[in-house]
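Asker: final.txt is reproduced in full below (compact mmCIF, C-alpha atoms).
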# COMPACT_ATOMS: atom_id res chain seq x y z
CA MET A 1 85.16 60.28 75.77
CA ARG A 2 87.04 57.16 74.76
CA ARG A 3 85.10 54.13 73.90
CA LYS A 4 86.01 50.92 75.81
CA MET A 5 85.46 47.35 74.62
CA TRP A 6 85.80 44.16 76.64
CA ILE A 7 86.78 40.83 75.14
CA PHE A 8 86.18 37.66 77.10
CA TYR A 9 88.15 34.49 76.33
CA ILE A 10 87.30 31.18 77.96
CA ALA A 11 89.73 28.22 77.88
CA GLU A 12 89.85 25.13 80.07
CA ASN A 13 87.21 26.50 82.47
CA SER A 14 89.26 29.63 83.20
CA LYS A 15 88.48 33.22 82.12
CA CYS A 16 90.90 35.81 80.77
CA LEU A 17 89.90 39.44 80.47
CA PHE A 18 91.68 41.81 78.08
CA ALA A 19 90.98 45.46 77.65
CA VAL A 20 91.50 46.68 74.14
CA TRP A 21 91.36 50.37 73.34
CA ASN A 22 89.66 51.19 70.13
CA PRO A 23 92.29 52.57 67.63
CA TRP A 24 95.45 50.90 68.97
CA CYS A 25 94.29 47.27 68.84
CA LEU A 26 95.31 46.61 65.23
CA TYR A 27 98.71 48.26 65.67
CA TYR A 28 99.53 46.13 68.69
CA ALA A 29 98.54 42.91 66.91
CA ALA A 30 100.74 43.77 63.92
CA VAL A 31 103.78 44.43 66.11
CA VAL A 32 103.30 41.13 67.96
CA CYS A 33 103.14 39.21 64.66
CA LEU A 34 106.36 40.81 63.42
CA VAL A 35 108.34 40.33 66.61
CA PHE A 36 107.13 36.78 67.32
CA PRO A 37 106.74 34.95 63.99
CA PRO A 38 105.18 31.48 64.03
CA VAL A 39 107.61 28.58 64.66
CA ARG A 40 108.26 26.38 61.59
CA THR A 41 108.94 22.69 62.02
CA ASP A 42 111.63 22.66 59.29
CA ASP A 43 113.75 25.10 61.33
CA VAL A 44 114.21 22.59 64.15
CA CYS A 45 117.79 21.28 64.27
CA PRO A 46 118.27 17.58 65.20
CA SER A 47 119.98 16.76 68.48
CA PHE A 48 123.81 16.72 68.51
CA CYS A 49 123.76 18.58 65.19
CA THR A 50 124.79 21.99 63.95
CA CYS A 51 122.57 23.62 61.35
CA ALA A 52 123.54 26.42 58.98
CA ARG A 53 120.58 27.40 56.84
CA ASP A 54 122.57 29.93 54.80
CA SER A 55 124.85 27.19 53.44
CA GLY A 56 122.23 24.44 53.68
CA THR A 57 124.53 22.31 55.84
CA VAL A 58 123.56 20.06 58.74
CA SER A 59 126.51 18.50 60.54
CA CYS A 60 126.00 15.84 63.24
CA HIS A 61 129.01 14.51 65.17
CA GLY A 62 128.92 11.94 67.94
CA GLY A 63 125.89 11.34 70.09
CA GLU A 64 124.20 8.19 71.26
CA ASP A 65 121.81 7.83 68.32
CA THR A 66 122.20 4.65 66.30
CA GLU A 67 119.91 5.74 63.46
CA VAL A 68 119.70 8.56 60.96
CA PRO A 69 118.01 11.64 62.52
CA GLU A 70 114.33 11.82 61.64
CA ASN A 71 113.77 15.59 61.74
CA ILE A 72 116.24 16.66 59.07
CA PRO A 73 115.26 20.14 57.82
CA GLU A 74 113.80 20.20 54.33
CA TRP A 75 116.23 22.92 53.22
CA THR A 76 119.28 20.67 53.85
CA SER A 77 121.58 20.33 50.84
CA THR A 78 124.64 18.91 52.67
CA LEU A 79 124.23 16.36 55.46
CA ILE A 80 127.26 15.17 57.44
CA LEU A 81 126.84 12.29 59.91
CA ARG A 82 129.99 11.17 61.68
CA GLY A 83 130.66 9.00 64.74
CA ARG A 84 126.99 8.09 65.18
CA ASN A 85 127.41 4.28 65.53
CA ILE A 86 124.84 3.57 62.82
CA SER A 87 125.29 -0.17 62.35
CA THR A 88 122.45 -0.56 59.83
CA LEU A 89 121.06 1.73 57.16
CA GLN A 90 117.44 0.66 57.04
CA ARG A 91 115.03 0.90 54.15
CA GLY A 92 114.03 4.52 53.57
CA ALA A 93 116.41 5.77 56.26
CA PHE A 94 116.34 9.28 54.78
CA THR A 95 112.60 9.48 54.13
CA THR A 96 110.44 11.37 56.64
CA ASN A 97 106.70 10.87 56.22
CA GLY A 98 107.24 10.12 52.56
CA THR A 99 108.86 13.51 51.94
CA GLU A 100 111.82 13.73 49.58
CA LEU A 101 114.82 15.73 50.75
CA GLU A 102 116.89 18.17 48.68
CA ILE A 103 120.21 16.70 49.87
CA VAL A 104 122.98 16.93 47.27
CA THR A 105 125.96 15.85 49.38
CA LEU A 106 125.77 13.08 51.99
CA SER A 107 128.75 12.07 54.14
CA LEU A 108 128.40 8.91 56.27
CA SER A 109 132.08 8.18 57.00
CA TYR A 110 133.28 6.80 60.36
CA ASN A 111 129.86 5.57 61.50
CA GLY A 112 130.61 1.84 61.87
CA ILE A 113 128.01 0.95 59.24
CA GLN A 114 127.90 -2.83 58.68
CA THR A 115 124.68 -3.38 56.72
CA ILE A 116 122.91 -1.49 53.94
CA GLU A 117 119.38 -2.75 53.41
CA PRO A 118 117.48 -2.52 50.10
CA TYR A 119 116.28 0.95 49.12
CA ALA A 120 118.17 2.57 52.01
CA PHE A 121 118.64 5.81 50.06
CA LEU A 122 115.07 6.33 48.88
CA GLY A 123 113.97 9.94 49.16
CA LEU A 124 117.28 11.35 47.88
CA PRO A 125 116.63 11.73 44.14
CA ARG A 126 118.96 14.76 43.83
CA LEU A 127 121.96 13.26 45.63
CA HIS A 128 125.22 13.90 43.74
CA LEU A 129 127.90 12.78 46.22
CA LEU A 130 127.82 9.89 48.69
CA ASP A 131 130.79 9.27 51.00
CA MET A 132 130.73 6.03 53.00
CA SER A 133 134.46 5.69 53.59
CA HIS A 134 135.94 4.13 56.74
CA ASN A 135 133.00 1.92 57.70
CA ARG A 136 132.84 -1.85 58.28
CA LEU A 137 130.47 -3.08 55.59
CA ALA A 138 129.72 -6.79 55.84
CA PHE A 139 126.46 -6.91 53.87
CA VAL A 140 125.26 -4.68 51.04
CA SER A 141 121.99 -5.51 49.33
CA ALA A 142 121.93 -5.71 45.54
CA ARG A 143 119.34 -2.90 45.68
CA ALA A 144 121.16 -0.84 48.29
CA PHE A 145 121.84 2.06 45.90
CA HIS A 146 118.47 1.97 44.19
CA GLY A 147 116.83 5.36 43.76
CA LEU A 148 119.98 7.45 43.16
CA PRO A 149 119.65 8.43 39.48
CA GLU A 150 121.66 11.65 39.89
CA LEU A 151 124.57 10.21 41.89
CA ARG A 152 127.90 11.32 40.41
CA SER A 153 130.49 10.35 43.05
CA LEU A 154 130.60 7.33 45.37
CA TYR A 155 133.36 6.90 47.96
CA LEU A 156 133.81 3.49 49.62
CA ASN A 157 137.46 3.78 50.69
CA TYR A 158 138.51 1.43 53.50
CA SER A 159 134.93 0.21 53.95
CA VAL A 160 134.48 -3.15 52.20
CA LEU A 161 137.33 -5.16 53.75
CA SER A 162 134.94 -7.88 54.93
CA LEU A 163 132.50 -7.71 52.04
CA PRO A 164 132.54 -10.50 49.38
CA THR A 165 133.60 -9.15 46.00
CA ALA A 166 130.59 -10.72 44.23
CA GLN A 167 128.20 -8.97 46.62
CA LEU A 168 129.88 -5.62 46.05
CA SER A 169 129.82 -6.19 42.30
CA ASN A 170 126.07 -6.87 42.34
CA ALA A 171 125.39 -3.73 44.36
CA LEU A 172 127.45 -1.53 42.02
CA SER A 173 125.91 -2.97 38.87
CA THR A 174 122.45 -1.52 39.50
CA PRO A 175 120.99 0.58 36.65
CA SER A 176 120.28 3.33 39.21
CA LEU A 177 123.99 4.25 39.10
CA HIS A 178 124.06 4.83 35.35
CA ASN A 179 125.20 8.44 35.89
CA LEU A 180 128.03 7.58 38.28
CA HIS A 181 131.24 9.36 37.21
CA ARG A 182 133.64 8.70 40.09
CA LEU A 183 134.05 5.52 42.14
CA GLU A 184 136.70 5.22 44.86
CA LEU A 185 137.53 1.84 46.43
CA ALA A 186 140.98 2.44 47.92
CA GLY A 187 142.37 0.29 50.73
CA ASN A 188 139.91 -2.61 50.52
CA ARG A 189 142.27 -5.55 49.78
CA LEU A 190 140.49 -6.14 46.45
CA LYS A 191 142.15 -8.63 44.09
CA SER A 192 140.34 -7.57 40.93
CA ILE A 193 138.10 -4.84 39.53
CA PRO A 194 134.77 -5.40 41.35
CA LEU A 195 132.53 -4.60 38.40
CA MET A 196 130.76 -7.06 36.12
CA ARG A 197 131.23 -4.71 33.16
CA LEU A 198 132.78 -1.27 32.99
CA ASP A 199 130.20 -0.06 30.47
CA ILE A 200 127.30 -0.47 32.92
CA LEU A 201 128.29 2.78 34.62
CA ASN A 202 129.25 6.11 33.08
CA LEU A 203 132.57 6.10 34.92
CA HIS A 204 135.20 8.75 34.33
CA THR A 205 137.41 7.94 37.34
CA LEU A 206 137.99 4.59 39.08
CA VAL A 207 140.32 4.63 42.11
CA LEU A 208 141.69 1.24 43.20
CA ILE A 209 144.92 2.27 44.93
CA ASN A 210 146.34 0.34 47.91
CA ASN A 211 144.54 -2.95 47.25
CA SER A 212 145.79 -6.51 46.59
CA ILE A 213 145.58 -6.51 42.80
CA GLU A 214 148.35 -8.63 41.22
CA SER A 215 147.16 -8.39 37.62
CA ILE A 216 144.38 -6.98 35.43
CA GLY A 217 142.67 -9.68 33.38
CA GLY A 218 142.49 -9.62 29.62
CA GLU A 219 138.72 -9.10 29.65
CA ASN A 220 139.04 -5.95 31.76
CA VAL A 221 141.85 -4.70 29.52
CA SER A 222 139.64 -5.12 26.45
CA GLU A 223 136.92 -3.03 28.13
CA LEU A 224 139.48 -0.37 29.05
CA TYR A 225 140.47 -0.09 25.40
CA GLN A 226 136.80 0.57 24.59
CA GLN A 227 136.04 2.90 27.53
CA LYS A 228 138.72 5.49 26.76
CA ARG A 229 137.19 8.14 29.03
CA ILE A 230 137.98 6.12 32.19
CA ARG A 231 140.96 7.16 34.28
CA LEU A 232 142.20 4.22 36.36
CA TYR A 233 144.35 4.71 39.49
CA LEU A 234 146.26 1.58 40.58
CA SER A 235 149.32 2.59 42.62
CA LEU A 236 150.32 0.69 45.79
CA ASN A 237 149.17 -2.68 44.43
CA PRO A 238 151.47 -5.77 44.52
CA PHE A 239 151.71 -6.52 40.80
CA ARG A 240 153.08 -9.91 39.78
CA CYS A 241 155.20 -9.21 36.71
CA ASP A 242 154.99 -12.46 34.80
CA CYS A 243 153.26 -13.82 31.73
CA GLU A 244 149.76 -13.09 33.09
CA LEU A 245 150.50 -9.36 33.10
CA GLU A 246 151.13 -9.24 29.34
CA ALA A 247 147.81 -7.73 28.19
CA PHE A 248 147.80 -5.10 30.95
CA TYR A 249 151.48 -4.26 30.31
CA TYR A 250 150.89 -3.43 26.66
CA TRP A 251 147.74 -1.43 27.52
CA LEU A 252 149.77 0.54 30.07
CA LYS A 253 152.50 1.27 27.52
CA ASN A 254 150.09 2.35 24.78
CA SER A 255 147.46 4.22 26.82
CA SER A 256 147.28 7.39 28.89
CA GLN A 257 144.30 6.22 30.94
CA CYS A 258 146.40 5.42 34.03
CA PRO A 259 147.63 8.75 35.49
CA ASP A 260 149.75 7.03 38.18
CA ALA A 261 151.40 4.53 35.80
CA GLY A 262 154.88 5.55 36.95
CA ARG A 263 154.09 4.42 40.50
CA LEU A 264 153.02 0.89 39.57
CA LEU A 265 155.76 -1.42 40.89
CA CYS A 266 156.44 -5.14 40.57
CA SER A 267 156.15 -7.17 43.76
CA GLU A 268 156.85 -10.63 42.32
CA PRO A 269 159.02 -12.39 41.27
CA GLU A 270 161.88 -11.50 43.59
CA ALA A 271 164.24 -10.58 40.72
CA LYS A 272 161.83 -7.86 39.49
CA ARG A 273 160.69 -6.49 42.84
CA GLY A 274 160.59 -2.70 42.91
CA ILE A 275 160.87 -2.30 39.13
CA PRO A 276 158.19 -0.02 37.60
CA VAL A 277 155.80 -2.06 35.47
CA GLU A 278 156.11 0.32 32.54
CA ASN A 279 159.91 -0.10 32.57
CA LEU A 280 159.76 -3.83 31.92
CA ARG A 281 160.83 -5.23 28.57
CA GLY A 282 158.41 -7.05 26.35
CA GLU A 283 160.18 -10.39 26.76
CA ASN A 284 159.73 -10.14 30.56
CA VAL A 285 155.98 -10.59 30.18
CA ASP A 286 155.87 -12.37 26.80
CA CYS A 287 153.78 -15.50 27.17
CA MET A 288 155.18 -16.96 23.92
CA ASN A 289 158.81 -16.80 25.10
CA GLU A 290 157.88 -18.23 28.46
CA ASN A 291 155.96 -21.06 26.83
CA LEU A 292 158.79 -21.78 24.37
CA GLU A 293 161.30 -21.96 27.21
CA THR A 294 159.07 -24.39 29.06
CA VAL A 295 158.62 -26.49 25.92
CA SER A 296 162.39 -26.53 25.36
CA TYR A 297 163.05 -27.92 28.82
CA VAL A 298 160.33 -30.51 28.38
CA PHE A 299 161.73 -31.57 25.00
CA LEU A 300 165.27 -31.85 26.40
CA GLY A 301 164.00 -34.01 29.21
CA LEU A 302 162.18 -36.29 26.76
CA VAL A 303 165.31 -36.67 24.61
CA LEU A 304 167.47 -37.57 27.58
CA ALA A 305 164.87 -40.05 28.78
CA LEU A 306 164.73 -41.65 25.32
CA ILE A 307 168.52 -42.00 25.21
CA GLY A 308 168.47 -43.62 28.60
CA VAL A 309 165.78 -46.08 27.54
CA VAL A 310 167.70 -47.00 24.38
CA PHE A 311 170.86 -47.53 26.39
CA LEU A 312 169.08 -49.81 28.84
CA MET A 313 167.52 -51.79 25.99
CA VAL A 314 170.95 -52.32 24.38
CA LEU A 315 172.32 -53.55 27.67
CA TYR A 316 169.39 -55.89 28.13
CA LEU A 317 169.59 -57.37 24.62
CA ASN A 318 173.35 -57.97 24.92
CA ARG A 319 173.28 -59.19 28.48
CA GLY A 320 174.78 -62.59 27.45
CA GLY A 321 177.75 -61.13 25.57
CA ILE A 322 178.33 -58.53 28.29
CA LYS A 323 178.35 -61.27 30.89
CA ARG A 324 180.96 -63.30 28.90
CA TRP A 325 183.05 -60.18 28.40
CA LEU A 326 183.01 -59.44 32.11
CA ASN A 327 183.96 -63.06 32.89
CA ASN A 328 186.86 -62.95 30.43
CA ILE A 329 188.15 -59.74 31.98
CA ARG A 330 187.87 -61.26 35.44
CA GLU A 331 189.76 -64.43 34.33
CA ALA A 332 192.49 -62.40 32.65
CA CYS A 333 192.94 -60.32 35.78
CA ARG A 334 193.10 -63.48 37.90
CA ASP A 335 195.74 -65.09 35.64
CA GLN A 336 197.84 -61.96 35.72
CA MET A 337 197.70 -61.77 39.51
CA GLU A 338 198.72 -65.43 39.81
CA VAL A 339 201.75 -64.78 37.58
CA TYR A 340 202.87 -61.88 39.74
CA HIS A 341 202.35 -63.92 42.87
CA TYR A 342 204.41 -66.87 41.51
CA ARG A 343 207.31 -64.63 40.51
CA TYR A 344 207.31 -63.01 43.90
CA GLU A 345 207.66 -66.40 45.59
CA GLN A 346 210.32 -67.88 43.24
CA ASP A 347 212.54 -64.89 42.62
CA SER A 348 214.09 -62.82 45.36
CA ASP A 349 214.20 -59.12 45.13
CA PRO A 350 217.71 -57.94 44.14
CA ARG A 351 217.41 -54.94 46.44
CA LEU A 352 216.69 -57.17 49.42
CA ALA A 353 219.74 -59.30 48.57
CA ASN A 354 222.02 -56.23 48.51
CA VAL A 355 220.69 -55.12 51.88
CA ALA A 356 221.47 -58.56 53.39
CA VAL A 357 225.09 -58.41 52.17
Do you think you could lay out the structure here as structure tokens?
Answerer:
Amino acid sequence: MRRKMWIFYIAENSKCLFAVWNPWCLYYAAVVCLVFPPVRTDDVCPSFCTCARDSGTVSCHGGEDTEVPENIPEWTSTLILRGRNISTLQRGAFTTNGTELEIVTLSLSYNGIQTIEPYAFLGLPRLHLLDMSHNRLAFVSARAFHGLPELRSLYLNYSVLSLPTAQLSNALSTPSLHNLHRLELAGNRLKSIPLMRLDILNLHTLVLINNSIESIGGENVSELYQQKRIRLYLSLNPFRCDCELEAFYYWLKNSSQCPDAGRLLCSEPEAKRGIPVENLRGENVDCMNENLETVSYVFLGLVLALIGVVFLMVLYLNRGGIKRWLNNIREACRDQMEVYHYRYEQDSDPRLANVAV
């Protein structure tokens, strides 16, 4: 005869009665545990996101959220946020309950980000790539990129159009970016290299194409000579090919650090527009020749002015004699005219007499 056991369970003032047969109880419990495993909180995918645990990618597009999702799975290695209308990256935006994430690649392009507060990227110590292109940055704290010791690539293309250059320079000069290898700042209307010193970072590639750079200063050129590992991209900039371009011109001719050197074109002056910078002749950008030409014109002007002054002084000192000379000429002319007038009155013209006859 089979033995029967009764288990009573009481919860919230209600009773549940389960009959469990002696040998099959353990088997049933094991099957239930295998079929219905416990739910883990790190498997929950944020709203408006697609999660792929196999590749470690969480991709969030659109939605009405204006902040970074809070329940990002801990296994995430690639996080893509796009079209989220995140106007401000707040302090510790990627930190959940003080837990550090394993994110290696973070894409925040096309989110309308305007402000990056201090320590916004805390909790991402393993981040290697950060893409913030196509945003509208108006304020970036000097400590915005603090806490990113492993960052290798930073993309800020078409994002800092309204950001003061000094503010951007301060943010990029943080010691936290000492391992940064690639920095892209294309399409930002920059007029100079926005770095205090090139040796602060461990840059291998600096992309500054399609900006408003007219010349590279002598100080930056000196640093480029020292930092030979840097590859500098500068095409689609309106270079002014005059004396101020001399140091950069000779660096460009003698260095292979600018892979797109053949696409650097003169924009000013008008006579040199469209000419590749590397095809210019040395005298076109030689400050000495330009200065000598200027000095020559100045000297010629001074000589002519001196001659004029001497001439005026001679006239002034001989004003009495000149006046007498002019009076004598006037009197001589008057006497001569009177003689002609007298002869005309006294003597008849022979031709008129013949006509009368």
Asker: State, in Å with one decimal place, the distance from atom CA of Ile216 of chain A to atom CA of Asn279 of chain A.
Answerer: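 Pair atom CA of Ile216 of chain A / atom CA of Asn279 of chain A returns 17.2 Å.
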Asker: List as a list in words the residues having at least one atom at most 6 Å from position (122.9, -0.2, 56.1) as given in the file, counting all atoms listed in the file.
Answerer: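 Residues close enough to count: Thr88, Leu89, Gln90, Thr115, Ile116 and Glu117 of chain A.
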Asker: Could you state the separation of atom CA of Leu79 of chain A and atom CA of Glu67 of chain A in Å, given to one decimal place?
Answerer: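 These two atoms are separated by 14.0 Å.
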Asker: Would you work out the distance separating atom CA of Ser222 of chain A from atom CA of Glu244 of chain A, expressed in Å to one decimal?
Answerer: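 Spanning atom CA of Ser222 of chain A to atom CA of Glu244 of chain A is a straight-line distance of 14.5 Å.
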Asker: So which one's closest to Pro118 of chain A, A:Trp325, A:Arg91, A:Asn211, A:Arg136? Using all atoms listed in the file, please.
Answerer: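 The answer is A:Arg91, which sits nearest to Pro118 of chain A.
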Asker: Using only C-alpha atoms, find the one residue out of A:Leu106, A:Phe94, A:Gly218, A:Thr99 that sits nearest to Val58 of chain A.
Answerer: A:Leu106
Asker: Using only C-alpha atoms, find the one residue out of A:Pro238, A:Gly321, A:Pro259, A:Gly301 that sits nearest to Lys272 of chain A.
Answerer: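 For Lys272 of chain A, the nearest of the candidates is A:Pro238.
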Asker: Within 8 Å of Phe145 of chain A, counting only C-alpha atoms, which residues show up once you throw out same-chain ones fewer than 5 positions away? Write them as a PDB file with C-alpha atoms, in the coordinates of the input, please.
Answerer:
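Saved the output as around_6.pdb:
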ATOM      1  CA  PRO A 118     117.480  -2.520  50.100  1.00  0.00           C
ATOM      2  CA  TYR A 119     116.280   0.950  49.120  1.00  0.00           C
ATOM      3  CA  ALA A 120     118.170   2.570  52.010  1.00  0.00           C
ATOM      4  CA  PHE A 121     118.640   5.810  50.060  1.00  0.00           C
ATOM      5  CA  ALA A 171     125.390  -3.730  44.360  1.00  0.00           C
ATOM      6  CA  LEU A 172     127.450  -1.530  42.020  1.00  0.00           C
ATOM      7  CA  THR A 174     122.450  -1.520  39.500  1.00  0.00           C
ATOM      8  CA  SER A 176     120.280   3.330  39.210  1.00  0.00           C
ATOM      9  CA  LEU A 177     123.990   4.250  39.100  1.00  0.00           C
TER      10      LEU A 177
END
Asker: Would you mind telling me which residue in A:Ser109, A:Val104, A:Leu265, A:Leu183 lies nearest to Leu154 of chain A when using only C-alpha atoms?
Answerer: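 Residue with the minimum atom-to-atom distance to Leu154 of chain A: A:Leu183.
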Asker: For segment 184-195 of chain A of the structure just presented, write N, CA, C and O atoms to a file, as a PDB file, in the first residue's frame.
Answerer:
ATOM      1  N   GLU A 184      39.093  62.206 -33.817  1.00  0.00           N
ATOM      2  CA  GLU A 184      38.484  62.721 -35.043  1.00  0.00           C
ATOM      3  C   GLU A 184      37.623  63.938 -34.707  1.00  0.00           C
ATOM      4  O   GLU A 184      36.742  63.871 -33.846  1.00  0.00           O
ATOM      5  N   LEU A 185      37.892  65.043 -35.410  1.00  0.00           N
ATOM      6  CA  LEU A 185      37.185  66.310 -35.194  1.00  0.00           C
ATOM      7  C   LEU A 185      36.792  66.921 -36.536  1.00  0.00           C
ATOM      8  O   LEU A 185      36.891  68.128 -36.736  1.00  0.00           O
ATOM      9  N   ALA A 186      36.329  66.123 -37.456  1.00  0.00           N
ATOM     10  CA  ALA A 186      35.991  66.606 -38.793  1.00  0.00           C
ATOM     11  C   ALA A 186      34.707  67.440 -38.766  1.00  0.00           C
ATOM     12  O   ALA A 186      33.798  67.201 -37.976  1.00  0.00           O
ATOM     13  N   GLY A 187      34.657  68.446 -39.657  1.00  0.00           N
ATOM     14  CA  GLY A 187      33.442  69.221 -39.864  1.00  0.00           C
ATOM     15  C   GLY A 187      32.999  70.059 -38.685  1.00  0.00           C
ATOM     16  O   GLY A 187      31.800  70.181 -38.427  1.00  0.00           O
ATOM     17  N   ASN A 188      33.936  70.678 -37.968  1.00  0.00           N
ATOM     18  CA  ASN A 188      33.581  71.471 -36.788  1.00  0.00           C
ATOM     19  C   ASN A 188      33.947  72.952 -36.903  1.00  0.00           C
ATOM     20  O   ASN A 188      33.901  73.676 -35.905  1.00  0.00           O
ATOM     21  N   ARG A 189      34.323  73.394 -38.101  1.00  0.00           N
ATOM     22  CA  ARG A 189      34.701  74.800 -38.348  1.00  0.00           C
ATOM     23  C   ARG A 189      35.836  75.264 -37.421  1.00  0.00           C
ATOM     24  O   ARG A 189      35.902  76.434 -37.045  1.00  0.00           O
ATOM     25  N   LEU A 190      36.726  74.373 -37.064  1.00  0.00           N
ATOM     26  CA  LEU A 190      37.878  74.726 -36.238  1.00  0.00           C
ATOM     27  C   LEU A 190      38.873  75.536 -37.063  1.00  0.00           C
ATOM     28  O   LEU A 190      39.071  75.286 -38.245  1.00  0.00           O
ATOM     29  N   LYS A 191      39.528  76.510 -36.423  1.00  0.00           N
ATOM     30  CA  LYS A 191      40.515  77.341 -37.098  1.00  0.00           C
ATOM     31  C   LYS A 191      41.945  76.999 -36.712  1.00  0.00           C
ATOM     32  O   LYS A 191      42.891  77.558 -37.265  1.00  0.00           O
ATOM     33  N   SER A 192      42.098  76.091 -35.774  1.00  0.00           N
ATOM     34  CA  SER A 192      43.433  75.672 -35.343  1.00  0.00           C
ATOM     35  C   SER A 192      43.322  74.299 -34.698  1.00  0.00           C
ATOM     36  O   SER A 192      42.221  73.784 -34.467  1.00  0.00           O
ATOM     37  N   ILE A 193      44.464  73.697 -34.387  1.00  0.00           N
ATOM     38  CA  ILE A 193      44.469  72.410 -33.693  1.00  0.00           C
ATOM     39  C   ILE A 193      44.044  72.641 -32.246  1.00  0.00           C
ATOM     40  O   ILE A 193      44.705  73.380 -31.517  1.00  0.00           O
ATOM     41  N   PRO A 194      42.934  72.032 -31.802  1.00  0.00           N
ATOM     42  CA  PRO A 194      42.392  72.343 -30.467  1.00  0.00           C
ATOM     43  C   PRO A 194      43.045  71.552 -29.339  1.00  0.00           C
ATOM     44  O   PRO A 194      42.365  70.970 -28.507  1.00  0.00           O
ATOM     45  N   LEU A 195      44.352  71.537 -29.317  1.00  0.00           N
ATOM     46  CA  LEU A 195      45.081  70.841 -28.260  1.00  0.00           C
ATOM     47  C   LEU A 195      46.160  71.766 -27.727  1.00  0.00           C
ATOM     48  O   LEU A 195      46.876  72.411 -28.506  1.00  0.00           O
TER      49      LEU A 195
END
